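Quick look at data14.cif (mmCIF, C-alpha atoms and all ligand atoms):
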data_input
loop_
_atom_site.label_atom_id
_atom_site.label_comp_id
_atom_site.auth_asym_id
_atom_site.auth_seq_id
_atom_site.Cartn_x
_atom_site.Cartn_y
_atom_site.Cartn_z
CA MET A 1 -180.27 114.82 144.95
CA THR A 2 -179.47 118.23 143.46
CA ARG A 3 -178.48 118.53 139.85
CA LEU A 4 -175.04 117.07 139.32
CA ARG A 5 -174.80 116.58 135.60
CA TRP A 6 -176.53 119.33 133.79
CA SER A 7 -175.90 122.76 135.23
CA THR A 8 -173.12 125.26 135.01
CA PRO A 9 -173.36 128.70 136.63
CA LEU A 10 -174.23 130.10 133.20
CA LEU A 11 -176.40 127.43 131.66
CA LEU A 12 -179.20 125.29 133.02
CA ASP A 13 -179.49 122.22 130.81
CA CYS A 14 -183.15 121.23 130.65
CA GLY A 15 -182.68 119.52 127.32
CA VAL A 16 -181.04 116.31 128.46
CA ALA A 17 -183.34 113.27 128.70
CA GLU A 18 -182.20 111.93 132.07
CA MET A 19 -183.56 112.54 135.54
CA ASP A 20 -181.70 114.04 138.45
CA PHE A 21 -183.04 111.49 140.92
CA GLY A 22 -180.40 108.75 140.73
CA THR A 23 -181.90 105.28 140.50
CA SER A 24 -183.56 102.80 142.84
CA GLN A 25 -181.60 101.27 145.71
CA ALA A 26 -182.50 97.79 144.43
CA ILE A 27 -180.64 98.46 141.18
CA THR A 28 -177.61 99.94 142.95
CA ASP A 29 -177.49 96.93 145.29
CA ALA A 30 -177.79 94.39 142.45
CA LEU A 31 -175.06 96.14 140.46
CA SER A 32 -172.77 96.49 143.50
CA ALA A 33 -173.10 92.76 144.24
CA SER A 34 -172.37 91.91 140.63
CA VAL A 35 -169.32 94.21 140.55
CA ALA A 36 -168.06 92.72 143.83
CA ARG A 37 -168.20 89.29 142.17
CA ALA A 38 -166.33 90.73 139.13
CA GLU A 39 -169.11 89.60 136.82
CA PHE A 40 -167.90 91.36 133.73
CA GLY A 41 -168.33 88.57 131.22
CA TYR A 42 -170.94 87.91 128.57
CA THR A 43 -174.48 87.28 129.65
CA SER A 44 -175.52 83.67 130.04
CA THR A 45 -178.66 82.07 128.66
CA VAL A 46 -179.80 81.81 132.29
CA LEU A 47 -179.48 85.58 132.76
CA GLU A 48 -181.16 86.32 129.43
CA ARG A 49 -184.00 84.01 130.44
CA ALA A 50 -184.24 85.89 133.76
CA VAL A 51 -184.62 89.22 131.92
CA LYS A 52 -187.38 87.80 129.72
CA THR A 53 -189.23 86.31 132.70
CA ALA A 54 -188.89 89.55 134.72
CA THR A 55 -190.16 91.55 131.74
CA ALA A 56 -193.16 89.26 131.26
CA ARG A 57 -194.04 89.45 134.97
CA TYR A 58 -193.73 93.24 134.98
CA LEU A 59 -195.91 93.53 131.87
CA ALA A 60 -198.55 91.35 133.54
CA THR A 61 -198.62 93.36 136.78
CA HIS A 62 -197.97 96.87 135.44
CA ALA A 63 -199.16 96.99 131.81
CA GLY A 64 -202.14 94.65 131.68
CA ALA A 65 -200.34 92.43 129.17
CA ILE A 66 -199.88 88.67 129.31
CA VAL A 67 -196.84 87.77 127.23
CA ASP A 68 -195.06 84.47 126.89
CA PRO A 69 -191.38 85.11 127.80
CA ASP A 70 -190.46 83.15 124.67
CA ARG A 71 -191.97 85.95 122.58
CA ILE A 72 -189.55 88.49 124.05
CA GLU A 73 -186.27 89.16 122.24
CA LEU A 74 -183.39 91.10 123.80
CA LEU A 75 -181.43 93.77 121.99
CA ASP A 76 -178.91 96.34 123.10
CA SER A 77 -181.30 99.27 122.68
CA VAL A 78 -184.75 100.25 121.50
CA LEU A 79 -183.05 101.99 118.59
CA ASP A 80 -181.44 98.72 117.50
CA ALA A 81 -184.95 97.27 117.56
CA VAL A 82 -186.22 100.10 115.33
CA GLY A 83 -183.39 99.38 112.89
CA MET A 84 -184.18 95.67 112.88
CA TYR A 85 -187.89 96.35 112.39
CA VAL A 86 -187.19 98.57 109.38
CA GLU A 87 -184.63 96.17 107.95
CA LEU A 88 -186.75 93.03 108.27
CA THR A 89 -190.14 94.39 107.29
CA SER A 90 -189.38 96.87 104.49
CA ALA A 91 -187.02 97.59 101.62
CA PRO A 92 -185.16 100.75 100.53
CA GLY A 93 -187.60 103.13 98.86
CA ASP A 94 -190.59 101.92 100.90
CA THR A 95 -192.72 104.38 102.83
CA VAL A 96 -192.73 104.43 106.63
CA VAL A 97 -195.37 106.49 108.47
CA VAL A 98 -194.19 108.05 111.74
CA PHE A 99 -196.43 110.01 114.13
CA THR A 100 -194.97 113.32 115.28
CA PRO A 101 -193.84 115.17 117.32
CA THR A 102 -191.60 112.31 118.34
CA TYR A 103 -188.16 111.14 119.40
CA LYS A 104 -185.89 112.01 116.47
CA HIS A 105 -184.48 108.51 115.95
CA LEU A 106 -187.91 107.07 115.25
CA PHE A 107 -187.92 108.87 111.90
CA GLY A 108 -184.15 109.35 111.63
CA ILE A 109 -183.38 105.62 111.54
CA PRO A 110 -185.77 104.72 108.68
CA ALA A 111 -184.65 107.82 106.77
CA ALA A 112 -180.98 106.80 107.19
CA MET A 113 -181.94 103.36 105.83
CA ASN A 114 -183.31 104.98 102.66
CA ARG A 115 -186.96 104.58 103.52
CA TYR A 116 -189.30 107.39 102.61
CA VAL A 117 -190.63 108.82 105.88
CA VAL A 118 -194.08 110.40 106.07
CA GLU A 119 -194.56 112.39 109.25
CA LEU A 120 -198.15 112.56 110.50
CA PRO A 121 -198.77 115.06 113.33
CA MET A 122 -200.87 113.55 116.13
CA GLN A 123 -201.11 116.70 118.21
CA VAL A 124 -201.00 120.48 117.91
CA GLY A 125 -200.80 122.28 121.24
CA ASN A 126 -203.28 120.50 123.47
CA GLN A 127 -205.45 119.50 120.55
CA PRO A 128 -205.14 115.81 119.69
CA LEU A 129 -205.21 115.06 115.98
CA TRP A 130 -205.47 111.29 116.25
CA GLU A 131 -208.59 110.91 114.16
CA ARG A 132 -207.07 112.91 111.34
CA ALA A 133 -203.76 111.05 111.68
CA LEU A 134 -205.53 107.69 111.40
CA THR A 135 -207.56 108.83 108.38
CA LEU A 136 -204.32 109.85 106.68
CA LEU A 137 -202.62 106.62 107.74
CA ARG A 138 -205.44 104.62 106.14
CA TRP A 139 -204.86 106.52 102.91
CA TYR A 140 -201.15 105.67 102.97
CA LEU A 141 -201.95 102.02 103.70
CA ILE A 142 -204.31 101.95 100.72
CA GLN A 143 -201.43 103.33 98.62
CA GLY A 144 -199.23 100.41 99.70
CA CYS A 145 -197.40 101.68 102.79
CA ARG A 146 -196.71 98.73 105.12
CA ASN A 147 -194.73 100.26 108.00
CA VAL A 148 -195.77 102.50 110.87
CA ILE A 149 -193.83 103.76 113.90
CA ALA A 150 -195.47 105.23 117.03
CA CYS A 151 -194.30 106.32 120.47
CA HIS A 152 -196.54 105.38 123.42
CA PRO A 153 -196.49 107.44 125.57
CA GLY A 154 -195.12 110.25 123.46
CA ASN A 155 -191.69 111.70 123.90
CA PRO A 156 -191.95 114.79 123.98
CA THR A 157 -195.66 115.22 124.85
CA GLY A 158 -196.03 112.62 127.62
CA HIS A 159 -199.42 111.63 126.22
CA PRO A 160 -200.22 107.95 125.88
CA ILE A 161 -202.01 107.07 122.63
CA PRO A 162 -205.69 106.94 123.69
CA HIS A 163 -206.75 103.31 124.06
CA VAL A 164 -209.45 103.44 121.36
CA MET A 165 -207.00 105.03 118.94
CA LEU A 166 -204.35 102.43 119.68
CA ARG A 167 -206.90 99.67 119.05
CA GLU A 168 -207.96 101.32 115.83
CA LEU A 169 -204.36 101.86 114.73
CA ILE A 170 -203.48 98.19 115.24
CA ALA A 171 -206.69 96.97 113.58
CA CYS A 172 -206.13 99.27 110.60
CA VAL A 173 -202.54 98.05 110.19
CA ALA A 174 -203.73 94.42 110.40
CA GLU A 175 -206.44 95.01 107.80
CA PHE A 176 -203.77 95.93 105.23
CA GLY A 177 -201.24 93.25 106.18
CA ALA A 178 -198.87 95.95 107.47
CA THR A 179 -196.97 96.09 110.78
CA VAL A 180 -196.48 98.75 113.47
CA PHE A 181 -193.52 99.41 115.77
CA VAL A 182 -194.58 100.84 119.15
CA ASP A 183 -191.85 102.41 121.30
CA GLU A 184 -192.93 102.13 124.95
CA ALA A 185 -189.64 103.31 126.47
CA HIS A 186 -191.38 105.85 128.73
CA ALA A 187 -194.38 103.67 129.61
CA PRO A 188 -193.36 102.91 133.23
CA LEU A 189 -193.34 106.65 134.02
CA MET A 190 -197.07 107.20 134.56
CA ALA A 191 -198.22 109.84 137.06
CA PRO A 192 -199.81 108.34 140.18
CA GLY A 193 -203.60 108.36 140.15
CA HIS A 194 -203.77 107.26 136.52
CA SER A 195 -204.40 103.69 135.57
CA PRO A 196 -201.27 102.03 134.19
CA LEU A 197 -200.65 102.59 130.54
CA ILE A 198 -202.09 99.75 128.47
CA SER A 199 -199.35 98.29 126.36
CA ALA A 200 -199.86 97.88 122.63
CA VAL A 201 -199.13 94.19 123.29
CA SER A 202 -202.63 93.77 124.70
CA ALA A 203 -204.48 96.71 123.13
CA SER A 204 -205.98 94.64 120.32
CA GLU A 205 -206.55 91.03 119.36
CA TYR A 206 -204.49 91.75 116.21
CA ALA A 207 -201.41 92.90 118.17
CA PRO A 208 -199.68 89.47 118.28
CA GLN A 209 -199.76 89.34 114.47
CA VAL A 210 -198.73 92.91 113.63
CA ALA A 211 -197.21 94.82 116.57
CA TRP A 212 -193.52 95.07 117.41
CA VAL A 213 -193.48 96.49 120.95
CA ALA A 214 -190.27 97.76 122.52
CA ARG A 215 -189.75 98.13 126.26
CA THR A 216 -186.75 99.13 128.35
CA ALA A 217 -185.96 100.02 131.97
CA THR A 218 -183.48 102.68 130.88
CA LYS A 219 -185.90 105.62 131.00
CA GLY A 220 -188.20 104.57 133.86
CA TRP A 221 -185.36 103.70 136.23
CA ASN A 222 -182.91 106.31 134.94
CA ILE A 223 -180.21 103.89 133.78
CA SER A 224 -179.71 104.97 130.15
CA GLY A 225 -176.10 103.79 130.08
CA LEU A 226 -177.08 100.22 130.97
CA LYS A 227 -178.36 99.00 127.65
CA CYS A 228 -180.97 96.26 127.52
CA ALA A 229 -184.13 96.52 125.40
CA GLN A 230 -186.92 93.96 125.34
CA VAL A 231 -188.89 93.56 122.15
CA ILE A 232 -192.10 91.64 121.72
CA VAL A 233 -192.07 90.52 118.12
CA PRO A 234 -195.09 89.37 116.06
CA GLU A 235 -195.29 85.62 115.47
CA THR A 236 -194.73 86.11 111.76
CA SER A 237 -191.41 87.94 112.23
CA ARG A 238 -189.89 85.80 115.00
CA ALA A 239 -187.99 83.40 112.78
CA ASN A 240 -186.46 86.29 110.82
CA VAL A 241 -185.51 88.14 113.99
CA CYS A 242 -183.84 85.04 115.48
CA ARG A 243 -181.94 84.47 112.23
CA ARG A 244 -180.83 88.11 112.12
CA LEU A 245 -179.74 88.05 115.77
CA SER A 246 -177.60 84.99 115.17
CA GLN A 247 -176.16 86.51 111.96
CA LEU A 248 -175.03 89.53 113.99
CA ALA A 249 -172.54 87.04 115.41
CA ARG A 250 -172.36 88.63 118.80
CA ARG A 251 -171.78 86.48 121.82
CA SER A 252 -174.63 88.26 123.53
CA PRO A 253 -177.17 90.80 122.30
CA ILE A 254 -177.07 92.70 125.60
CA GLY A 255 -174.54 93.65 128.28
CA ARG A 256 -174.43 91.86 131.62
CA LEU A 257 -174.85 94.95 133.80
CA GLY A 258 -177.83 96.11 131.72
CA ALA A 259 -179.42 92.70 132.17
CA ILE A 260 -178.82 92.69 135.94
CA ALA A 261 -180.16 96.21 136.35
CA THR A 262 -183.24 95.38 134.27
CA CYS A 263 -184.05 92.29 136.36
CA ALA A 264 -183.67 94.32 139.56
CA ALA A 265 -185.87 97.11 138.19
CA TYR A 266 -188.76 94.90 137.12
CA THR A 267 -188.57 92.44 140.00
CA ASP A 268 -187.39 94.38 143.06
CA ALA A 269 -188.37 97.97 142.29
CA PRO A 270 -191.39 97.84 139.95
CA ASP A 271 -192.99 100.92 141.55
CA TRP A 272 -189.91 103.16 141.51
CA PRO A 273 -191.00 105.07 138.36
CA THR A 274 -194.42 105.81 139.90
CA GLN A 275 -192.72 107.13 143.04
CA VAL A 276 -190.56 109.34 140.84
CA MET A 277 -193.64 110.57 139.04
CA SER A 278 -195.18 111.61 142.37
CA GLN A 279 -192.22 113.99 142.67
CA VAL A 280 -192.31 115.06 139.02
CA THR A 281 -196.06 115.72 138.70
CA PRO A 282 -196.13 118.71 141.14
CA LEU A 283 -193.07 120.15 139.37
CA LYS A 284 -194.87 119.84 136.03
CA LYS A 285 -197.93 121.55 137.54
CA ARG A 286 -195.82 124.34 138.96
CA VAL A 287 -194.33 125.13 135.55
CA THR A 288 -197.60 124.73 133.58
CA ALA A 289 -199.33 127.14 136.00
CA LEU A 290 -197.27 129.92 134.38
CA PHE A 291 -199.09 129.51 131.07
CA GLU A 292 -202.55 131.03 130.58
CA THR A 293 -205.02 129.73 128.03
CA GLY A 294 -204.73 131.91 124.94
CA GLY A 295 -201.29 133.18 126.01
CA PRO A 296 -198.25 133.26 123.73
CA VAL A 297 -197.08 129.77 124.70
CA THR A 298 -199.09 126.56 125.26
CA ALA A 299 -197.78 123.98 127.72
CA VAL A 300 -198.48 120.35 126.90
CA ALA A 301 -198.13 118.12 129.95
CA GLY A 302 -199.21 114.52 129.41
CA GLN A 303 -199.68 112.10 132.32
CA ALA A 304 -196.49 110.25 131.52
CA THR A 305 -192.78 110.96 131.81
CA TYR A 306 -190.83 114.01 132.94
CA PHE A 307 -191.06 116.26 129.90
CA LEU A 308 -193.08 119.37 129.17
CA TRP A 309 -193.65 120.32 125.55
CA LEU A 310 -193.96 124.09 125.08
CA GLU A 311 -195.40 125.45 121.84
CA GLU A 312 -195.23 129.10 120.89
CA ASN A 313 -198.58 130.21 119.47
CA ARG A 314 -197.65 133.36 117.56
CA PRO A 315 -194.12 132.67 116.47
CA CYS A 316 -194.05 134.79 113.30
CA ARG A 317 -194.01 138.10 115.16
CA ASP A 318 -190.67 137.46 116.76
CA HIS A 319 -187.31 136.97 115.20
CA LEU A 320 -186.13 134.80 118.04
CA ARG A 321 -187.65 131.38 118.56
CA LEU A 322 -188.71 130.07 121.97
CA PHE A 323 -185.50 128.00 122.05
CA ASP A 324 -183.39 131.16 121.50
CA LYS A 325 -185.35 133.22 124.01
CA LEU A 326 -184.74 130.64 126.72
CA LEU A 327 -181.11 130.22 125.74
CA LYS A 328 -180.68 133.99 126.08
CA ARG A 329 -181.83 133.55 129.67
CA GLY A 330 -179.42 130.73 130.42
CA VAL A 331 -181.80 127.80 129.86
CA LEU A 332 -180.95 125.13 127.32
CA THR A 333 -183.92 123.13 126.04
CA GLU A 334 -184.32 120.48 123.36
CA ASP A 335 -185.21 122.33 120.16
CA GLY A 336 -188.66 121.36 118.83
CA SER A 337 -187.39 121.11 115.26
CA ILE A 338 -185.67 117.82 116.06
CA PHE A 339 -189.02 116.21 116.90
CA GLY A 340 -190.36 116.52 113.36
CA ARG A 341 -191.29 118.94 110.63
CA GLY A 342 -193.26 122.00 111.73
CA PHE A 343 -192.20 122.08 115.37
CA ASP A 344 -189.52 124.79 115.10
CA HIS A 345 -191.30 127.03 117.57
CA SER A 346 -191.62 124.41 120.28
CA VAL A 347 -189.19 123.17 122.88
CA ARG A 348 -188.99 120.14 125.16
CA VAL A 349 -188.13 120.78 128.79
CA ASN A 350 -187.05 118.18 131.35
CA VAL A 351 -188.50 118.92 134.80
CA ALA A 352 -187.10 115.91 136.71
CA SER A 353 -184.88 117.91 138.99
CA SER A 354 -184.64 119.85 142.25
CA GLU A 355 -186.91 122.68 143.45
CA GLN A 356 -184.04 125.15 142.92
CA VAL A 357 -183.64 124.14 139.30
CA ILE A 358 -187.38 124.41 138.66
CA GLU A 359 -187.35 127.85 140.32
CA ARG A 360 -184.61 128.98 137.91
CA LEU A 361 -186.54 127.55 134.96
CA CYS A 362 -189.76 129.29 136.09
CA LEU A 363 -187.97 132.65 136.36
CA ALA A 364 -186.66 132.32 132.79
CA LEU A 365 -190.08 131.26 131.45
CA THR A 366 -191.86 134.11 133.25
CA ASP A 367 -189.39 136.53 131.74
CA VAL A 368 -190.05 135.16 128.24
CA LEU A 369 -193.84 135.24 128.71
CA HIS A 370 -193.80 138.88 129.80
CA ASP A 371 -191.34 140.17 127.24
CA LYS A 372 -193.86 140.80 124.45
CA HIS A 373 -191.70 142.74 122.02
CA GLU A 374 -188.59 140.69 121.86
CA HIS A 375 -186.51 140.50 118.70
C1 LIG B 401 -188.92 107.35 123.11
C2 LIG B 401 -187.56 106.78 123.36
N1 LIG B 401 -187.23 105.58 122.84
C3 LIG B 401 -186.03 105.03 123.02
C4 LIG B 401 -185.06 105.68 123.75
C5 LIG B 401 -183.71 105.06 123.92
O1 LIG B 401 -183.84 103.72 124.26
P1 LIG B 401 -182.54 102.89 124.75
O2 LIG B 401 -182.31 103.27 126.17
O3 LIG B 401 -182.91 101.48 124.58
O4 LIG B 401 -181.39 103.33 123.89
C6 LIG B 401 -185.33 106.94 124.28
C7 LIG B 401 -184.27 107.69 125.00
O5 LIG B 401 -184.36 108.83 125.33
C8 LIG B 401 -186.61 107.50 124.09
O6 LIG B 401 -186.92 108.70 124.60
#
Show me the file's structure as structure tokens.
Amino acid sequence: MTRLRWSTPLLLDCGVAEMDFGTSQAITDALSASVARAEFGYTSTVLERAVKTATARYLATHAGAIVDPDRIELLDSVLDAVGMYVELTSAPGDTVVVFTPTYKHLFGIPAAMNRYVVELPMQVGNQPLWERALTLLRWYLIQGCRNVIACHPGNPTGHPIPHVMLRELIACVAEFGATVFVDEAHAPLMAPGHSPLISAVSASEYAPQVAWVARTATKGWNISGLKCAQVIVPETSRANVCRRLSQLARRSPIGRLGAIATCAAYTDAPDWPTQVMSQVTPLKKRVTALFETGGPVTAVAGQATYFLWLEENRPCRDHLRLFDKLLKRGVLTEDGSIFGRGFDHSVRVNVASSEQVIERLCLALTDVLHDKHEH
């Protein structure tokens, strides 16, 4: 499929967070059948149960995690789950630690709820800063912070949190009686040849007590409009979550088509994201090959998802930022500044598209890399 949504003759939109590869046939078939039966009502408890069972089975086969379906709660979106986590486990004025660079809503939501957000960088260029981030986290926990939010794998970097670090993070949080929210929205999108990403659900023996883990098929199967998030909630928070869900007084926490698509994704097309990643990985390699070590821009290309994170190394010499330089050449990216403090000279680029689009992107990047005296 060539790019339908993003491009105009003047502007190539590489900022959007959706792929240009449609979705799996299994999802299209399940949705078509449901539409043909005019199933536009609320979800039933049977359907909700089916989503939970499909999620648990997928986690067992593709994330090394054994989860009782009864521990899975359904919400409209991962972002609703972030809001509920913040609401139920903290109070206005509390501190929430968020690892950056990350998806803007992971710090935007707690900030909008009057929590004090501390951003801890976990990576600069290709240098991981996990040990430093965990040392700083421990300090904040000692000071009384009880809330942590992490993205695994990272949007925008595509790097999973290394397993030992994830274990240590969860153990550290447990030691202080705190909790951690782990956003695993991009977890299904692992490049082939890598072992599946280990979910935070099973990364540590303390996870069932302290980790809120959010999953969704929206990113992996490219169905962002079909809302249906699955959240594995710690034992200690379950009663509160159930109470809050019933207080919301909605007939159903999720939409029917989102539920149907999610069941089809996990049950009938569990390997679709890996197949997509076998198309995306060569495209990532093709773009990263443009960047030399020690050059003006570093390309960060984690094993997961369809993003590249580009960091300008000597930004102060230029008046224009990397975002502006690419925009001047007809390429729209996602500005690094929205991923946290200190990332103004980075951009996130989506490479899940056609060869022609990647060719156009490569031409613009080559032009930027060779134009040394740009102002
Ligand atoms: C890291 C991350 N979490 C969550 C979401 C959105 O989740 P949902 O589809 O449930 O709204 C996105 C969407 O881009 C994302 O990148």
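Considering the residues A:Thr288, A:Leu120, A:Pro110, A:Arg341 and counting all atoms listed in the file, Trp139 of chain A has its shortest atom-to-atom contact with A:Leu120.
Atom pair atom O2 of ligand LIG 401 (chain B) / atom CA of Lys227 of chain A: separated by 6.0 Å.
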Nearest to ligand LIG 401 (chain B) by atom-to-atom distance, counting only C-alpha atoms and all ligand atoms, from A:Val347, A:Val118, A:Ala187, A:Ala289: A:Ala187
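Residues of protein, DNA or RNA lying at most 7 Å from ligand LIG 401 (chain B), when all atoms listed in the file are considered, are Ala17, Asp76, Ser77, Val78, Leu79, Tyr103, Cys151, Gly154, Asn155, Asp183, Glu184, Ala185, His186, Thr216, Thr218, Lys219, Ser224, Lys227, Cys228 and Ala229 of chain A.
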All residues 9 Å or closer to segment 128-131 of chain A, all atoms listed in the file, same chain fewer than 4 positions away omitted, as a VMD selection string: chain A and resid 121 to 124 135 to 136 161 to 162 165
Serialized selection, C-alpha atoms, as an mmCIF file, in the frame of the given file:
data_model
loop_
_atom_site.group_PDB
_atom_site.id
_atom_site.type_symbol
_atom_site.label_atom_id
_atom_site.label_comp_id
_atom_site.auth_asym_id
_atom_site.auth_seq_id
_atom_site.Cartn_x
_atom_site.Cartn_y
_atom_site.Cartn_z
ATOM 1 C CA PRO A 121 -198.770 115.060 113.330
ATOM 2 C CA MET A 122 -200.870 113.550 116.130
ATOM 3 C CA GLN A 123 -201.110 116.700 118.210
ATOM 4 C CA VAL A 124 -201.000 120.480 117.910
ATOM 5 C CA THR A 135 -207.560 108.830 108.380
ATOM 6 C CA LEU A 136 -204.320 109.850 106.680
ATOM 7 C CA ILE A 161 -202.010 107.070 122.630
ATOM 8 C CA PRO A 162 -205.690 106.940 123.690
ATOM 9 C CA MET A 165 -207.000 105.030 118.940
#
As a compact mmCIF listing (two decimals) with C-alpha atoms, in the coordinates of the input, please: the residues near segment 265-282 of chain A (cut-off 7 Å, all atoms listed in the file, same-chain neighbours under 4 positions excluded).
# COMPACT_ATOMS: atom_id res chain seq x y z
CA SER A 24 -183.56 102.80 142.84
CA ALA A 26 -182.50 97.79 144.43
CA ILE A 27 -180.64 98.46 141.18
CA ALA A 54 -188.89 89.55 134.72
CA THR A 55 -190.16 91.55 131.74
CA TYR A 58 -193.73 93.24 134.98
CA PRO A 188 -193.36 102.91 133.23
CA LEU A 189 -193.34 106.65 134.02
CA MET A 190 -197.07 107.20 134.56
CA ALA A 191 -198.22 109.84 137.06
CA PRO A 192 -199.81 108.34 140.18
CA ALA A 217 -185.96 100.02 131.97
CA GLY A 220 -188.20 104.57 133.86
CA TRP A 221 -185.36 103.70 136.23
CA ALA A 261 -180.16 96.21 136.35
CA ARG A 286 -195.82 124.34 138.96
CA TYR A 306 -190.83 114.01 132.94
CA VAL A 351 -188.50 118.92 134.80
CA ALA A 352 -187.10 115.91 136.71
Atomic distance atom CA of Val210 of chain A - atom CA of Glu235 of chain A, expressed in Å with one decimal: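 About the pair atom CA of Val210 of chain A and atom CA of Glu235 of chain A: they are 8.3 Å apart.
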Distance in Å - atom CA of His345 of chain A versus atom CA of Leu310 of chain A: 8.5 Å
Best match for closeness to Gly177 of chain A among A:Gln209, A:Asn222, A:Ser34, A:Thr100, counting only C-alpha atoms: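 The closest residue to Gly177 of chain A is A:Gln209.
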Given all atoms listed in the file as the counted atoms, nearest of A:Ala56, A:Ile232, A:Ile223, A:Val35 to Ala81 of chain A: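 Among the listed residues, A:Ile232 lies closest to Ala81 of chain A.
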Nearest-residue call for Val180 of chain A, choices A:Cys145, A:Ala91, A:Leu308, A:Leu322, using all atoms listed in the file: A:Cys145
Because the input lacks atoms here, generate N, CA and C atoms for segment 158-171 of chain A and report them as a PDB file, in the frame of the given file.
ATOM      1  N   GLY A 158    -195.615 113.339 126.407  1.00  0.00           N
ATOM      2  CA  GLY A 158    -196.030 112.620 127.620  1.00  0.00           C
ATOM      3  C   GLY A 158    -197.435 112.061 127.530  1.00  0.00           C
ATOM      4  N   HIS A 159    -198.066 112.177 126.368  1.00  0.00           N
ATOM      5  CA  HIS A 159    -199.420 111.630 126.220  1.00  0.00           C
ATOM      6  C   HIS A 159    -199.378 110.189 125.727  1.00  0.00           C
ATOM      7  N   PRO A 160    -200.051 109.283 126.448  1.00  0.00           N
ATOM      8  CA  PRO A 160    -200.220 107.950 125.880  1.00  0.00           C
ATOM      9  C   PRO A 160    -201.150 108.048 124.658  1.00  0.00           C
ATOM     10  N   ILE A 161    -201.045 107.113 123.738  1.00  0.00           N
ATOM     11  CA  ILE A 161    -202.010 107.070 122.630  1.00  0.00           C
ATOM     12  C   ILE A 161    -203.330 106.615 123.259  1.00  0.00           C
ATOM     13  N   PRO A 162    -204.436 107.368 123.066  1.00  0.00           N
ATOM     14  CA  PRO A 162    -205.690 106.940 123.690  1.00  0.00           C
ATOM     15  C   PRO A 162    -206.011 105.498 123.295  1.00  0.00           C
ATOM     16  N   HIS A 163    -206.565 104.744 124.256  1.00  0.00           N
ATOM     17  CA  HIS A 163    -206.750 103.310 124.060  1.00  0.00           C
ATOM     18  C   HIS A 163    -207.545 102.992 122.785  1.00  0.00           C
ATOM     19  N   VAL A 164    -208.632 103.738 122.567  1.00  0.00           N
ATOM     20  CA  VAL A 164    -209.450 103.440 121.360  1.00  0.00           C
ATOM     21  C   VAL A 164    -208.651 103.686 120.087  1.00  0.00           C
ATOM     22  N   MET A 165    -207.797 104.704 120.140  1.00  0.00           N
ATOM     23  CA  MET A 165    -207.000 105.030 118.940  1.00  0.00           C
ATOM     24  C   MET A 165    -205.932 103.950 118.708  1.00  0.00           C
ATOM     25  N   LEU A 166    -205.366 103.475 119.801  1.00  0.00           N
ATOM     26  CA  LEU A 166    -204.350 102.430 119.680  1.00  0.00           C
ATOM     27  C   LEU A 166    -204.974 101.159 119.088  1.00  0.00           C
ATOM     28  N   ARG A 167    -206.169 100.841 119.587  1.00  0.00           N
ATOM     29  CA  ARG A 167    -206.900  99.670 119.050  1.00  0.00           C
ATOM     30  C   ARG A 167    -207.147  99.841 117.553  1.00  0.00           C
ATOM     31  N   GLU A 168    -207.611 101.058 117.227  1.00  0.00           N
ATOM     32  CA  GLU A 168    -207.960 101.320 115.830  1.00  0.00           C
ATOM     33  C   GLU A 168    -206.703 101.281 114.945  1.00  0.00           C
ATOM     34  N   LEU A 169    -205.630 101.852 115.468  1.00  0.00           N
ATOM     35  CA  LEU A 169    -204.360 101.860 114.730  1.00  0.00           C
ATOM     36  C   LEU A 169    -203.923 100.423 114.412  1.00  0.00           C
ATOM     37  N   ILE A 170    -203.952  99.563 115.435  1.00  0.00           N
ATOM     38  CA  ILE A 170    -203.480  98.190 115.240  1.00  0.00           C
ATOM     39  C   ILE A 170    -204.418  97.434 114.290  1.00  0.00           C
ATOM     40  N   ALA A 171    -205.725  97.656 114.443  1.00  0.00           N
ATOM     41  CA  ALA A 171    -206.690  96.970 113.580  1.00  0.00           C
ATOM     42  C   ALA A 171    -206.514  97.406 112.122  1.00  0.00           C
TER      43      ALA A 171
END
